[in-house]
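Everything below belongs to query-v1.pdb, which stores PDB, C-alpha atoms.
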ATOM      1  CA  MET A 803    -124.273 -57.029   9.794
ATOM      2  CA  LEU A 804    -126.425 -56.028  12.773
ATOM      3  CA  GLY A 805    -129.611 -56.983  10.942
ATOM      4  CA  LYS A 806    -128.239 -60.421  10.133
ATOM      5  CA  PHE A 807    -127.115 -60.899  13.734
ATOM      6  CA  ILE A 808    -130.616 -60.058  14.989
ATOM      7  CA  LEU A 809    -132.197 -62.468  12.485
ATOM      8  CA  PHE A 810    -129.690 -65.178  13.429
ATOM      9  CA  ASN A 811    -130.483 -64.910  17.130
ATOM     10  CA  LYS A 812    -134.216 -64.748  16.480
ATOM     11  CA  GLN A 813    -134.011 -68.083  14.680
ATOM     12  CA  ILE A 814    -132.033 -69.625  17.518
ATOM     13  CA  LYS A 815    -134.806 -68.602  19.894
ATOM     14  CA  GLU A 816    -137.517 -69.998  17.604
ATOM     15  CA  HIS A 817    -135.907 -73.326  16.754
ATOM     16  CA  LYS A 818    -134.381 -74.323  20.082
ATOM     17  CA  LYS A 819    -137.948 -75.188  21.154
ATOM     18  CA  PHE A 820    -137.778 -78.091  18.694
ATOM     19  CA  THR A 821    -134.098 -79.036  18.956
ATOM     20  CA  PRO A 822    -132.446 -77.739  22.151
ATOM     21  CA  GLU A 823    -128.962 -78.086  20.616
ATOM     22  CA  THR A 824    -129.817 -75.119  18.389
ATOM     23  CA  LYS A 825    -128.853 -72.839  21.296
ATOM     24  CA  TYR A 826    -125.197 -73.663  20.602
ATOM     25  CA  SER A 827    -125.400 -72.254  17.064
ATOM     26  CA  ARG A 828    -123.912 -68.869  17.921
ATOM     27  CA  ARG A 829    -120.393 -70.168  17.332
ATOM     28  CA  PHE A 830    -121.299 -70.511  13.658
ATOM     29  CA  PHE A 831    -122.402 -66.898  13.180
ATOM     30  CA  PHE A 832    -119.248 -65.602  11.480
ATOM     31  CA  PRO A 833    -118.654 -68.711   9.326
ATOM     32  CA  TRP A 834    -122.305 -68.421   8.245
ATOM     33  CA  LEU A 835    -122.029 -64.674   7.595
ATOM     34  CA  ASN A 836    -118.997 -65.208   5.397
ATOM     35  CA  THR A 837    -120.976 -67.422   2.986
ATOM     36  CA  LEU A 838    -123.713 -64.918   2.142
ATOM     37  CA  ASP A 839    -122.035 -63.255  -0.844
ATOM     38  CA  ALA A 840    -124.662 -63.676  -3.564
ATOM     39  CA  SER A 841    -122.047 -63.253  -6.310
ATOM     40  CA  LYS A 842    -120.416 -66.556  -5.325
ATOM     41  CA  THR A 843    -121.548 -70.181  -5.414
ATOM     42  CA  SER A 844    -120.914 -73.179  -3.200
ATOM     43  CA  LEU A 845    -117.966 -74.045  -5.461
ATOM     44  CA  ASP A 846    -116.253 -70.853  -4.285
ATOM     45  CA  TYR A 847    -116.658 -71.777  -0.626
ATOM     46  CA  GLY A 848    -116.270 -75.559  -0.721
ATOM     47  CA  LEU A 849    -118.909 -76.129   1.936
ATOM     48  CA  PRO A 850    -121.980 -78.391   1.808
ATOM     49  CA  TRP A 851    -125.419 -76.814   1.676
ATOM     50  CA  PHE A 852    -126.585 -78.225   5.006
ATOM     51  CA  THR A 853    -126.241 -77.211   8.647
ATOM     52  CA  PHE A 854    -122.916 -76.229  10.158
ATOM     53  CA  GLN A 855    -123.578 -78.720  12.961
ATOM     54  CA  ALA A 856    -123.701 -81.542  10.410
ATOM     55  CA  ILE A 857    -120.617 -80.203   8.624
ATOM     56  CA  GLU A 858    -118.719 -80.149  11.912
ATOM     57  CA  TYR A 859    -119.739 -83.713  12.773
ATOM     58  CA  ILE A 860    -118.710 -85.102   9.395
ATOM     59  CA  LYS A 861    -115.434 -83.212   9.450
ATOM     60  CA  ASN A 862    -114.586 -84.843  12.777
ATOM     61  CA  GLN A 863    -116.002 -88.330  12.190
ATOM     62  CA  LEU A 864    -115.608 -89.248   8.522
ATOM     63  CA  PRO A 865    -112.237 -90.898   7.871
ATOM     64  CA  SER A 866    -110.024 -89.771   5.020
ATOM     65  CA  ASN A 867    -110.161 -92.012   1.952
ATOM     66  CA  ALA A 868    -113.842 -92.734   2.690
ATOM     67  CA  LYS A 869    -116.160 -93.711  -0.137
ATOM     68  CA  VAL A 870    -118.969 -91.183  -0.520
ATOM     69  CA  PHE A 871    -122.105 -91.171  -2.665
ATOM     70  CA  GLU A 872    -124.057 -87.928  -2.945
ATOM     71  CA  TYR A 873    -127.360 -87.025  -4.504
ATOM     72  CA  GLY A 874    -126.690 -83.434  -5.484
ATOM     73  CA  GLY A 875    -123.191 -82.025  -5.898
ATOM     74  CA  GLY A 876    -121.330 -78.749  -5.494
ATOM     75  CA  GLY A 877    -119.750 -77.440  -2.326
ATOM     76  CA  SER A 878    -120.300 -80.803  -0.673
ATOM     77  CA  THR A 879    -118.286 -82.467  -3.443
ATOM     78  CA  LEU A 880    -115.305 -80.207  -2.755
ATOM     79  CA  PHE A 881    -115.708 -80.688   0.991
ATOM     80  CA  PHE A 882    -115.453 -84.463   0.653
ATOM     81  CA  MET A 883    -112.609 -84.208  -1.856
ATOM     82  CA  GLU A 884    -110.704 -82.084   0.649
ATOM     83  CA  LYS A 885    -110.827 -85.109   2.971
ATOM     84  CA  ASN A 886    -109.340 -87.230   0.165
ATOM     85  CA  CYS A 887    -112.560 -89.206  -0.247
ATOM     86  CA  ASP A 888    -113.617 -91.127  -3.330
ATOM     87  CA  VAL A 889    -116.741 -89.203  -4.318
ATOM     88  CA  PHE A 890    -119.550 -90.349  -6.606
ATOM     89  CA  THR A 891    -122.077 -87.638  -7.460
ATOM     90  CA  VAL A 892    -125.486 -87.866  -9.105
ATOM     91  CA  GLU A 893    -126.721 -84.510 -10.400
ATOM     92  CA  HIS A 894    -129.953 -83.727 -12.280
ATOM     93  CA  ASN A 895    -129.169 -80.173 -13.405
ATOM     94  CA  SER A 896    -127.059 -80.179 -16.574
ATOM     95  CA  GLU A 897    -125.852 -76.588 -16.228
ATOM     96  CA  TRP A 898    -124.742 -77.078 -12.625
ATOM     97  CA  PHE A 899    -123.131 -80.412 -13.492
ATOM     98  CA  LYS A 900    -121.070 -78.628 -16.152
ATOM     99  CA  ASN A 901    -119.984 -76.062 -13.566
ATOM    100  CA  ILE A 902    -118.671 -78.842 -11.323
ATOM    101  CA  GLN A 903    -116.850 -80.483 -14.226
ATOM    102  CA  THR A 904    -115.307 -77.174 -15.263
ATOM    103  CA  PHE A 905    -114.130 -76.517 -11.717
ATOM    104  CA  PHE A 906    -112.274 -79.827 -11.569
ATOM    105  CA  GLU A 907    -110.814 -79.378 -15.061
ATOM    106  CA  LYS A 908    -109.565 -75.898 -14.201
ATOM    107  CA  ASN A 909    -108.111 -76.843 -10.833
ATOM    108  CA  LYS A 910    -106.970 -80.358 -11.787
ATOM    109  CA  THR A 911    -108.415 -81.721  -8.541
ATOM    110  CA  GLY A 912    -110.992 -84.248  -9.726
ATOM    111  CA  LYS A 913    -108.963 -87.459  -9.839
ATOM    112  CA  LYS A 914    -111.075 -89.103  -7.121
ATOM    113  CA  TRP A 915    -114.407 -87.784  -8.382
ATOM    114  CA  LYS A 916    -116.907 -89.547 -10.614
ATOM    115  CA  GLY A 917    -119.970 -87.614 -11.676
ATOM    116  CA  PHE A 918    -123.196 -88.840 -13.243
ATOM    117  CA  LEU A 919    -125.609 -86.460 -14.961
ATOM    118  CA  ILE A 920    -129.042 -88.087 -14.766
ATOM    119  CA  THR A 921    -131.923 -85.823 -15.707
ATOM    120  CA  ALA A 922    -135.595 -86.456 -15.026
ATOM    121  CA  GLU A 923    -137.463 -88.823 -17.347
ATOM    122  CA  GLU A 924    -140.757 -88.031 -19.023
ATOM    123  CA  GLY A 925    -143.859 -89.584 -17.506
ATOM    124  CA  LEU A 926    -145.054 -90.463 -14.039
ATOM    125  CA  ILE A 927    -144.428 -93.855 -12.454
ATOM    126  CA  GLN A 928    -147.781 -93.680 -10.690
ATOM    127  CA  LYS A 929    -150.892 -91.697 -11.510
ATOM    128  CA  ASP A 930    -151.525 -89.164  -8.744
ATOM    129  CA  PRO A 931    -148.103 -89.769  -7.141
ATOM    130  CA  LYS A 932    -147.488 -89.213  -3.452
ATOM    131  CA  LYS A 933    -144.409 -87.243  -2.488
ATOM    132  CA  GLU A 934    -143.725 -89.476   0.550
ATOM    133  CA  GLU A 935    -143.924 -92.750  -1.397
ATOM    134  CA  PRO A 936    -140.425 -93.987  -2.375
ATOM    135  CA  SER A 937    -141.673 -96.145  -5.263
ATOM    136  CA  HIS A 938    -143.240 -93.149  -7.025
ATOM    137  CA  TYR A 939    -139.908 -91.353  -7.706
ATOM    138  CA  PHE A 940    -141.729 -88.048  -7.636
ATOM    139  CA  SER A 941    -140.390 -84.517  -7.188
ATOM    140  CA  THR A 942    -142.564 -81.730  -5.813
ATOM    141  CA  GLU A 943    -140.817 -79.132  -8.003
ATOM    142  CA  LYS A 944    -143.382 -77.809 -10.506
ATOM    143  CA  GLU A 945    -141.021 -78.113 -13.468
ATOM    144  CA  PHE A 946    -140.933 -81.887 -12.920
ATOM    145  CA  GLY A 947    -144.669 -82.318 -12.412
ATOM    146  CA  ASN A 948    -145.087 -84.917 -15.175
ATOM    147  CA  MET A 949    -141.680 -86.557 -14.793
ATOM    148  CA  ASN A 950    -139.922 -89.133 -12.648
ATOM    149  CA  PHE A 951    -136.465 -89.646 -11.142
ATOM    150  CA  LYS A 952    -136.266 -93.434 -11.097
ATOM    151  CA  LYS A 953    -132.924 -93.663 -12.923
ATOM    152  CA  TYR A 954    -131.534 -90.874 -10.758
ATOM    153  CA  ALA A 955    -132.465 -92.508  -7.451
ATOM    154  CA  SER A 956    -131.487 -95.981  -8.667
ATOM    155  CA  LYS A 957    -127.943 -95.120  -9.786
ATOM    156  CA  ILE A 958    -126.513 -96.240  -6.452
ATOM    157  CA  ASP A 959    -127.792 -99.771  -7.172
ATOM    158  CA  GLU A 960    -124.788-100.250  -9.462
ATOM    159  CA  PHE A 961    -122.602-100.544  -6.366
ATOM    160  CA  GLN A 962    -122.433-103.547  -4.086
ATOM    161  CA  ASP A 963    -124.152-103.532  -0.702
ATOM    162  CA  GLU A 964    -122.246-101.971   2.210
ATOM    163  CA  PHE A 965    -119.902-100.160  -0.188
ATOM    164  CA  PHE A 966    -120.129 -96.564   1.054
ATOM    165  CA  ASP A 967    -118.927 -94.884   4.235
ATOM    166  CA  LEU A 968    -121.358 -91.996   3.719
ATOM    167  CA  VAL A 969    -124.410 -91.302   1.589
ATOM    168  CA  LEU A 970    -125.656 -87.720   1.295
ATOM    169  CA  ILE A 971    -129.248 -87.171   0.178
ATOM    170  CA  ASP A 972    -129.695 -83.525  -0.757
ATOM    171  CA  GLY A 973    -131.227 -83.598  -4.229
ATOM    172  CA  ARG A 974    -134.445 -84.721  -5.916
ATOM    173  CA  THR A 975    -137.021 -87.353  -4.787
ATOM    174  CA  ARG A 976    -135.381 -87.879  -1.423
ATOM    175  CA  PRO A 977    -137.635 -90.671  -0.088
ATOM    176  CA  SER A 978    -136.771 -92.693  -3.206
ATOM    177  CA  CYS A 979    -133.062 -92.014  -2.714
ATOM    178  CA  MET A 980    -133.391 -93.145   0.908
ATOM    179  CA  ALA A 981    -134.934 -96.434  -0.186
ATOM    180  CA  HIS A 982    -132.048 -97.226  -2.513
ATOM    181  CA  SER A 983    -129.277 -96.017  -0.200
ATOM    182  CA  ILE A 984    -129.764 -97.850   3.083
ATOM    183  CA  SER A 985    -128.363-101.203   1.946
ATOM    184  CA  LYS A 986    -125.386 -99.507   0.292
ATOM    185  CA  LEU A 987    -124.020 -98.116   3.560
ATOM    186  CA  LYS A 988    -121.319 -99.962   5.445
ATOM    187  CA  LYS A 989    -121.865-100.841   9.085
ATOM    188  CA  GLY A 990    -120.831 -97.708  10.925
ATOM    189  CA  GLY A 991    -121.545 -95.635   7.815
ATOM    190  CA  LEU A 992    -123.288 -92.266   7.881
ATOM    191  CA  LEU A 993    -126.629 -91.494   6.242
ATOM    192  CA  VAL A 994    -127.054 -87.732   5.812
ATOM    193  CA  LEU A 995    -130.475 -86.304   4.949
ATOM    194  CA  ASP A 996    -130.971 -82.582   4.571
ATOM    195  CA  ASN A 997    -134.139 -80.575   5.245
ATOM    196  CA  THR A 998    -135.617 -83.117   7.643
ATOM    197  CA  GLU A 999    -138.019 -80.470   8.877
ATOM    198  CA  ARG A1000    -140.041 -81.983   6.008
ATOM    199  CA  ALA A1001    -141.317 -85.006   7.903
ATOM    200  CA  TYR A1002    -142.560 -86.817   4.807
ATOM    201  CA  TYR A1003    -138.970 -87.578   3.781
ATOM    202  CA  THR A1004    -138.713 -90.260   6.456
ATOM    203  CA  GLU A1005    -142.333 -91.443   6.846
ATOM    204  CA  ALA A1006    -141.623 -94.729   5.055
ATOM    205  CA  PHE A1007    -138.474 -95.468   7.060
ATOM    206  CA  THR A1008    -139.489 -95.155  10.707
ATOM    207  CA  THR A1009    -138.928 -98.839  11.469
ATOM    208  CA  VAL A1010    -135.666 -99.365   9.605
ATOM    209  CA  LEU A1011    -134.141 -96.181  10.994
ATOM    210  CA  SER A1012    -135.034 -97.116  14.567
ATOM    211  CA  GLU A1013    -133.827-100.715  14.203
ATOM    212  CA  LYS A1014    -130.686-100.328  12.100
ATOM    213  CA  PHE A1015    -129.427 -96.829  12.834
ATOM    214  CA  GLN A1016    -128.473 -94.477  15.630
ATOM    215  CA  LYS A1017    -129.359 -90.819  15.213
ATOM    216  CA  VAL A1018    -126.199 -88.774  15.847
ATOM    217  CA  VAL A1019    -127.145 -85.309  14.543
ATOM    218  CA  ASP A1020    -130.668 -83.891  14.446
ATOM    219  CA  VAL A1021    -130.752 -80.143  14.869
ATOM    220  CA  PHE A1022    -132.087 -76.949  13.348
ATOM    221  CA  GLY A1023    -129.171 -74.675  12.600
ATOM    222  CA  PRO A1024    -127.574 -72.144  10.273
ATOM    223  CA  VAL A1025    -126.823 -73.262   6.733
ATOM    224  CA  PRO A1026    -124.210 -71.793   4.370
ATOM    225  CA  TYR A1027    -125.522 -69.560   1.576
ATOM    226  CA  THR A1028    -129.006 -69.022   3.014
ATOM    227  CA  MET A1029    -130.513 -66.688   5.587
ATOM    228  CA  TRP A1030    -132.772 -69.299   7.138
ATOM    229  CA  PHE A1031    -132.153 -72.160   9.542
ATOM    230  CA  HIS A1032    -132.954 -75.689   8.413
ATOM    231  CA  LYS A1033    -132.610 -79.152   9.909
ATOM    232  CA  THR A1034    -130.107 -81.792   8.841
ATOM    233  CA  THR A1035    -130.180 -85.294  10.303
ATOM    234  CA  ILE A1036    -127.347 -87.830  10.344
ATOM    235  CA  TRP A1037    -127.830 -91.486  11.230
ATOM    236  CA  LYS A1038    -125.009 -93.930  11.911
ATOM    237  CA  LYS A1039    -125.631 -97.491  10.754
ATOM    238  CA  ASN A1040    -125.436-100.072  13.518
ATOM    239  CA  GLY A1041    -122.883-102.838  13.535
ATOM    240  CA  LEU A1042    -119.552-101.321  14.584
TER     241      LEU A1042
END
Please lay out the structure from this file as structure tokens.
Amino acid sequence: MLGKFILFNKQIKEHKKFTPETKYSRRFFFPWLNTLDASKTSLDYGLPWFTFQAIEYIKNQLPSNAKVFEYGGGGSTLFFMEKNCDVFTVEHNSEWFKNIQTFFEKNKTGKKWKGFLITAEEGLIQKDPKKEEPSHYFSTEKEFGNMNFKKYASKIDEFQDEFFDLVLIDGRTRPSCMAHSISKLKKGGLLVLDNTERAYYTEAFTTVLSEKFQKVVDVFGPVPYTMWFHKTTIWKKNGL
């Protein structure tokens, strides 16, 4: 445990230069430590795979019975279900999707969950695609090098505008998912984007985020299941 404590504090020191709020991360040390059992998955813990700061904010701010859309499911799905939310999940990995289904079948807890398995499609939308370009539907993962995620990112279009209280983007082709999600959030709704240390995720959305949203969480911090700190950002849509 001592080695993990030293690593934890080293990361606080490194990252607080970029987000000063990181210095308050020490209160998450033991919750973080308790999620590092490699024999378990996020379905065993029921926690999202993004920063504890973001988890804490959502736990306090998201109302029960909220409508949630998530790109990428697992622990986050259970977390939202625990708040009695209606949860709609898009997942690209068929094996992991089956694990989520099996969990709900075994525990009989999936009445308010609707899952969609949408795998990558063959072929690129654009020759020489750019990872930051939403209309290219491109994933940087090597296994998807000649594929696209247009159907995956576009699934949310089946819902009316301003339908969701929260949209979580923590899966494939995140700039594309951002482009499709913004209009689907209610006024006062939360847009959650993980791994925002990758600046290209938001390059295409600088104007809309500054004009239509308020940034409420933006901090490097500890993340369940992983040794390393990452950054999760949450924006609240203006209007309420």
Using the chain letters and numbers from the file, which residues does the PyMOL selection byres ((chain A and resi 1020-1037) around 8) grab, as a PDB file with C-alpha atoms, in the coordinates of the input?
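Result went into out_8.pdb, see below:
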ATOM      1  CA  PHE A 810    -129.690 -65.178  13.429  1.00  0.00           C
ATOM      2  CA  GLN A 813    -134.011 -68.083  14.680  1.00  0.00           C
ATOM      3  CA  ILE A 814    -132.033 -69.625  17.518  1.00  0.00           C
ATOM      4  CA  HIS A 817    -135.907 -73.326  16.754  1.00  0.00           C
ATOM      5  CA  LYS A 818    -134.381 -74.323  20.082  1.00  0.00           C
ATOM      6  CA  PHE A 820    -137.778 -78.091  18.694  1.00  0.00           C
ATOM      7  CA  THR A 821    -134.098 -79.036  18.956  1.00  0.00           C
ATOM      8  CA  PRO A 822    -132.446 -77.739  22.151  1.00  0.00           C
ATOM      9  CA  GLU A 823    -128.962 -78.086  20.616  1.00  0.00           C
ATOM     10  CA  THR A 824    -129.817 -75.119  18.389  1.00  0.00           C
ATOM     11  CA  SER A 827    -125.400 -72.254  17.064  1.00  0.00           C
ATOM     12  CA  PHE A 830    -121.299 -70.511  13.658  1.00  0.00           C
ATOM     13  CA  PHE A 831    -122.402 -66.898  13.180  1.00  0.00           C
ATOM     14  CA  TRP A 834    -122.305 -68.421   8.245  1.00  0.00           C
ATOM     15  CA  THR A 837    -120.976 -67.422   2.986  1.00  0.00           C
ATOM     16  CA  LEU A 838    -123.713 -64.918   2.142  1.00  0.00           C
ATOM     17  CA  ASP A 839    -122.035 -63.255  -0.844  1.00  0.00           C
ATOM     18  CA  ALA A 840    -124.662 -63.676  -3.564  1.00  0.00           C
ATOM     19  CA  SER A 844    -120.914 -73.179  -3.200  1.00  0.00           C
ATOM     20  CA  LEU A 849    -118.909 -76.129   1.936  1.00  0.00           C
ATOM     21  CA  PRO A 850    -121.980 -78.391   1.808  1.00  0.00           C
ATOM     22  CA  TRP A 851    -125.419 -76.814   1.676  1.00  0.00           C
ATOM     23  CA  PHE A 852    -126.585 -78.225   5.006  1.00  0.00           C
ATOM     24  CA  THR A 853    -126.241 -77.211   8.647  1.00  0.00           C
ATOM     25  CA  PHE A 854    -122.916 -76.229  10.158  1.00  0.00           C
ATOM     26  CA  GLN A 855    -123.578 -78.720  12.961  1.00  0.00           C
ATOM     27  CA  ALA A 856    -123.701 -81.542  10.410  1.00  0.00           C
ATOM     28  CA  LEU A 992    -123.288 -92.266   7.881  1.00  0.00           C
ATOM     29  CA  LEU A 993    -126.629 -91.494   6.242  1.00  0.00           C
ATOM     30  CA  VAL A 994    -127.054 -87.732   5.812  1.00  0.00           C
ATOM     31  CA  LEU A 995    -130.475 -86.304   4.949  1.00  0.00           C
ATOM     32  CA  ASP A 996    -130.971 -82.582   4.571  1.00  0.00           C
ATOM     33  CA  ASN A 997    -134.139 -80.575   5.245  1.00  0.00           C
ATOM     34  CA  THR A 998    -135.617 -83.117   7.643  1.00  0.00           C
ATOM     35  CA  GLU A 999    -138.019 -80.470   8.877  1.00  0.00           C
ATOM     36  CA  LEU A1011    -134.141 -96.181  10.994  1.00  0.00           C
ATOM     37  CA  PHE A1015    -129.427 -96.829  12.834  1.00  0.00           C
ATOM     38  CA  GLN A1016    -128.473 -94.477  15.630  1.00  0.00           C
ATOM     39  CA  LYS A1017    -129.359 -90.819  15.213  1.00  0.00           C
ATOM     40  CA  VAL A1018    -126.199 -88.774  15.847  1.00  0.00           C
ATOM     41  CA  VAL A1019    -127.145 -85.309  14.543  1.00  0.00           C
ATOM     42  CA  LYS A1038    -125.009 -93.930  11.911  1.00  0.00           C
ATOM     43  CA  LYS A1039    -125.631 -97.491  10.754  1.00  0.00           C
TER      44      LYS A1039
END
**OP:** Name the residues in contact with Thr942 (chain A) at a cut-off of 10 Å, using all atoms listed in the file, excluding same-chain residues fewer than 4 positions from it; report them as a PyMOL selection string.
**Re:** chain A and resi 931-933+946-947+974-975
Nearest to Ala1006 (chain A): which of A:Leu987, A:Arg976, A:Pro936, A:Phe966 is it, counting only C-alpha atoms?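 Comparing A:Leu987, A:Arg976, A:Pro936, A:Phe966 against Ala1006 (chain A), the winner is A:Pro936.
Coordinates place CA of Phe899 (chain A) at a distance of 21.4 Å from CA of Ser983 (chain A).
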Compile the contact shell of region 911-916 of chain A as a list in words: residues with an atom at most 9 Å away, counting all atoms listed in the file, same-chain residues fewer than 5 positions apart removed.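 With the cut-off at 9 Å, the set is Thr879, Met883, Asn886, Cys887, Asp888, Val889, Phe890, Thr891, Val892, Gln903, Phe905 and Phe906 of chain A.
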Using only C-alpha atoms, please write the residues we just selected to a file, as a tab-separated table (two decimals), keeping the file's coordinate frame.
chain	number	residue	atom	x	y	z
A	879	THR	CA	-118.29	-82.47	-3.44
A	883	MET	CA	-112.61	-84.21	-1.86
A	886	ASN	CA	-109.34	-87.23	0.16
A	887	CYS	CA	-112.56	-89.21	-0.25
A	888	ASP	CA	-113.62	-91.13	-3.33
A	889	VAL	CA	-116.74	-89.20	-4.32
A	890	PHE	CA	-119.55	-90.35	-6.61
A	891	THR	CA	-122.08	-87.64	-7.46
A	892	VAL	CA	-125.49	-87.87	-9.10
A	903	GLN	CA	-116.85	-80.48	-14.23
A	905	PHE	CA	-114.13	-76.52	-11.72
A	906	PHE	CA	-112.27	-79.83	-11.57
Could you tell me which residues the PyMOL selection byres ((chain A and resi 940) around 12) returns for this structure, as an mmCIF file with C-alpha atoms, keeping the file's coordinate frame?
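Done, and the output landed in result_37.cif:
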data_model
loop_
_atom_site.group_PDB
_atom_site.id
_atom_site.type_symbol
_atom_site.label_atom_id
_atom_site.label_comp_id
_atom_site.auth_asym_id
_atom_site.auth_seq_id
_atom_site.Cartn_x
_atom_site.Cartn_y
_atom_site.Cartn_z
ATOM 1 C CA ALA A 922 -135.595 -86.456 -15.026
ATOM 2 C CA GLU A 923 -137.463 -88.823 -17.347
ATOM 3 C CA GLU A 924 -140.757 -88.031 -19.023
ATOM 4 C CA GLY A 925 -143.859 -89.584 -17.506
ATOM 5 C CA LEU A 926 -145.054 -90.463 -14.039
ATOM 6 C CA ILE A 927 -144.428 -93.855 -12.454
ATOM 7 C CA GLN A 928 -147.781 -93.680 -10.690
ATOM 8 C CA LYS A 929 -150.892 -91.697 -11.510
ATOM 9 C CA ASP A 930 -151.525 -89.164 -8.744
ATOM 10 C CA PRO A 931 -148.103 -89.769 -7.141
ATOM 11 C CA LYS A 932 -147.488 -89.213 -3.452
ATOM 12 C CA LYS A 933 -144.409 -87.243 -2.488
ATOM 13 C CA GLU A 934 -143.725 -89.476 0.550
ATOM 14 C CA GLU A 935 -143.924 -92.750 -1.397
ATOM 15 C CA PRO A 936 -140.425 -93.987 -2.375
ATOM 16 C CA SER A 937 -141.673 -96.145 -5.263
ATOM 17 C CA HIS A 938 -143.240 -93.149 -7.025
ATOM 18 C CA TYR A 939 -139.908 -91.353 -7.706
ATOM 19 C CA SER A 941 -140.390 -84.517 -7.188
ATOM 20 C CA THR A 942 -142.564 -81.730 -5.813
ATOM 21 C CA GLU A 943 -140.817 -79.132 -8.003
ATOM 22 C CA LYS A 944 -143.382 -77.809 -10.506
ATOM 23 C CA GLU A 945 -141.021 -78.113 -13.468
ATOM 24 C CA PHE A 946 -140.933 -81.887 -12.920
ATOM 25 C CA GLY A 947 -144.669 -82.318 -12.412
ATOM 26 C CA ASN A 948 -145.087 -84.917 -15.175
ATOM 27 C CA MET A 949 -141.680 -86.557 -14.793
ATOM 28 C CA ASN A 950 -139.922 -89.133 -12.648
ATOM 29 C CA PHE A 951 -136.465 -89.646 -11.142
ATOM 30 C CA LYS A 952 -136.266 -93.434 -11.097
ATOM 31 C CA LYS A 953 -132.924 -93.663 -12.923
ATOM 32 C CA TYR A 954 -131.534 -90.874 -10.758
ATOM 33 C CA ALA A 955 -132.465 -92.508 -7.451
ATOM 34 C CA GLY A 973 -131.227 -83.598 -4.229
ATOM 35 C CA ARG A 974 -134.445 -84.721 -5.916
ATOM 36 C CA THR A 975 -137.021 -87.353 -4.787
ATOM 37 C CA ARG A 976 -135.381 -87.879 -1.423
ATOM 38 C CA PRO A 977 -137.635 -90.671 -0.088
ATOM 39 C CA SER A 978 -136.771 -92.693 -3.206
ATOM 40 C CA CYS A 979 -133.062 -92.014 -2.714
ATOM 41 C CA TYR A 1003 -138.970 -87.578 3.781
#
Atom pair CA of Val870 (chain A) + CA of Asp967 (chain A), distance 6.0 Å
